[in-house]
Amino acid sequence: MDGSSYYIPAVAMAAALLVKAPALSRSWRDPLLRSVCTLMALAGLVFFFAAPPTIGEVNDVIGITNVSAPLVYCLLSAFSAACLVLIVNWRGGPPESTRRVSRSWIIGYSVVIVALVVLFVLGDAPVERLVDFDTYYANEPFVREMIVLYLVALTVSGVAMSVMCGRWALKVQGWLRAGLLIIVAGYLFNIAYLTTKFTAVIARWNGANLDYLSSDAAPVLASAGVQISAIGFCFPLACQRVGDTWSTWSTYRRLGPLWRELKPVSPHAAHGVRMSWWSPAELQVTQRESDIHDGMLSLYPYFDTAVRASAYDAALSAGSEPAQAQAEADAAMVTAAVRARAADPDGRVIDSAEAADAPRSVGSPAAASPSMSTEGPRDLVRMSIALRQSPVVAAARGQYATRSESDFHERTS
């Protein structure tokens, strides 16, 4: 009885809890996060203290024969309450209702835990049993009631969890539904575990011996059930995080054409300190957006609203929706401004614009399209895609690629 089948899941739960610890320290008031961490902590403790070597060691350290039995039963009851509270908080609803239901489950299982301790104290279990306590003492007064009470408490939790998760799964889609169905599958193992326990105990009541169901089959079913349910709890959260990360990196990648177009005129993009490749995706996107806005700021004197208006009309004529046409028009104005800026290496247009208090015809911020000063990530992505794919933008790029510095000065004088 080396207990490895118990200790390995306990270590896995402890590792998961350590991963969650920083988030818990930052958001201690988040009831869902607290419920998740409590659930993982109790699951780890159940596996650890249910291991036969730990049972014997706890009995020896405390000095009370079989004291590990009520300890494990209390931990199982607390774990059952934690699962129910987690589902209640996860499902959400009116805050007062959520708190009331959570308190009801916590109070109910707290009463069960107190009753388990009282029944053990009233009973008599002088012979240490590491793996077959339930069946060995199935007929012992008070101890018998303690065993039945913890099994009933687990049954109530298992049925309630299966019903709540099953009903919720019918109302949702995607990763959440998959996670809920995995939890239900885990609780099917839990019901099988309880069935084997009850069968072995009832067999003892009737003078038969099916102890192997309780001592051999039940622990395997319990371990599988807990681990499958844990996967179900973590699955939607993990998939959502992966999806969010993928979406963020997708935004970063799709901003590439616009970022590269503006890079020559963005001091930050050209000379700023670059982030490491392992920096969080959100920071990478933020920096890329900042570089783009810096580039646009430097181009304001070169923005030509006539270019934008012409491109907008051309995009509409080509069949683009108004929002898409606006993105193509903005992208055309940007690519034309980049080439106008390249044709003015001395920045004389900027100097003349400043001297004239940035007249609107030159393309100052006031002259630029309103959308150019209120770009959001989606608009920037749309502009970036237009730079790469739009024939209207390609035409503007080709038209203004050959524009000379003198032509631009003549247009803006």
# chains A, B, ... in the order shown; residues from 1 in each chain; ligands from 1
>>> closest_atom_pairs(of="segment 168-239 of chain A", to="segment 69-80 of chain A", cutoff="12 Å", atoms="only C-alpha atoms", output="JSON lines")
{"residue": "A:Tyr187", "atom": "CA", "partner": "A:Ser80", "partner_atom": "CA", "distance": 11.1}
{"residue": "A:Asn190", "atom": "CA", "partner": "A:Ser80", "partner_atom": "CA", "distance": 11.0}
{"residue": "A:Ala222", "atom": "CA", "partner": "A:Leu76", "partner_atom": "CA", "distance": 10.8}
{"residue": "A:Val226", "atom": "CA", "partner": "A:Phe79", "partner_atom": "CA", "distance": 10.1}
{"residue": "A:Ser229", "atom": "CA", "partner": "A:Ser80", "partner_atom": "CA", "distance": 11.8}
{"residue": "A:Ala230", "atom": "CA", "partner": "A:Phe79", "partner_atom": "CA", "distance": 11.8}
>>> closest_residue(among="A:Ile202, A:Val338, A:Val393, A:Ile182", to="Arg260 of chain A", atoms="only C-alpha atoms")
A:Val338
>>> atom_distance(atom1="atom CA of Asn59 of chain A", atom2="atom CA of Pro126 of chain A")
11.6 Å
>>> residues_around(residues="segment 320-324 of chain A", least_positions_apart="5", cutoff="10 Å", atoms="only C-alpha atoms", output="number ranges by chain")
A: 312-315, 329-330, 379, 382-383, 386, 390
>>> residues_around(residues="Ala81 of chain A", least_positions_apart="6", cutoff="8 Å", atoms="only C-alpha atoms", output="list of chain:residue names")
A:Trp105, A:Ile106, A:Tyr109, A:Ser157
>>> residues_around(residues="Leu221 of chain A", least_positions_apart="3", cutoff="7 Å", atoms="only C-alpha atoms", output="list of chain:residue names")
A:Phe189, A:Asn190, A:Ala192, A:Tyr193, A:Ala217, A:Ala218, A:Ala224, A:Gly225
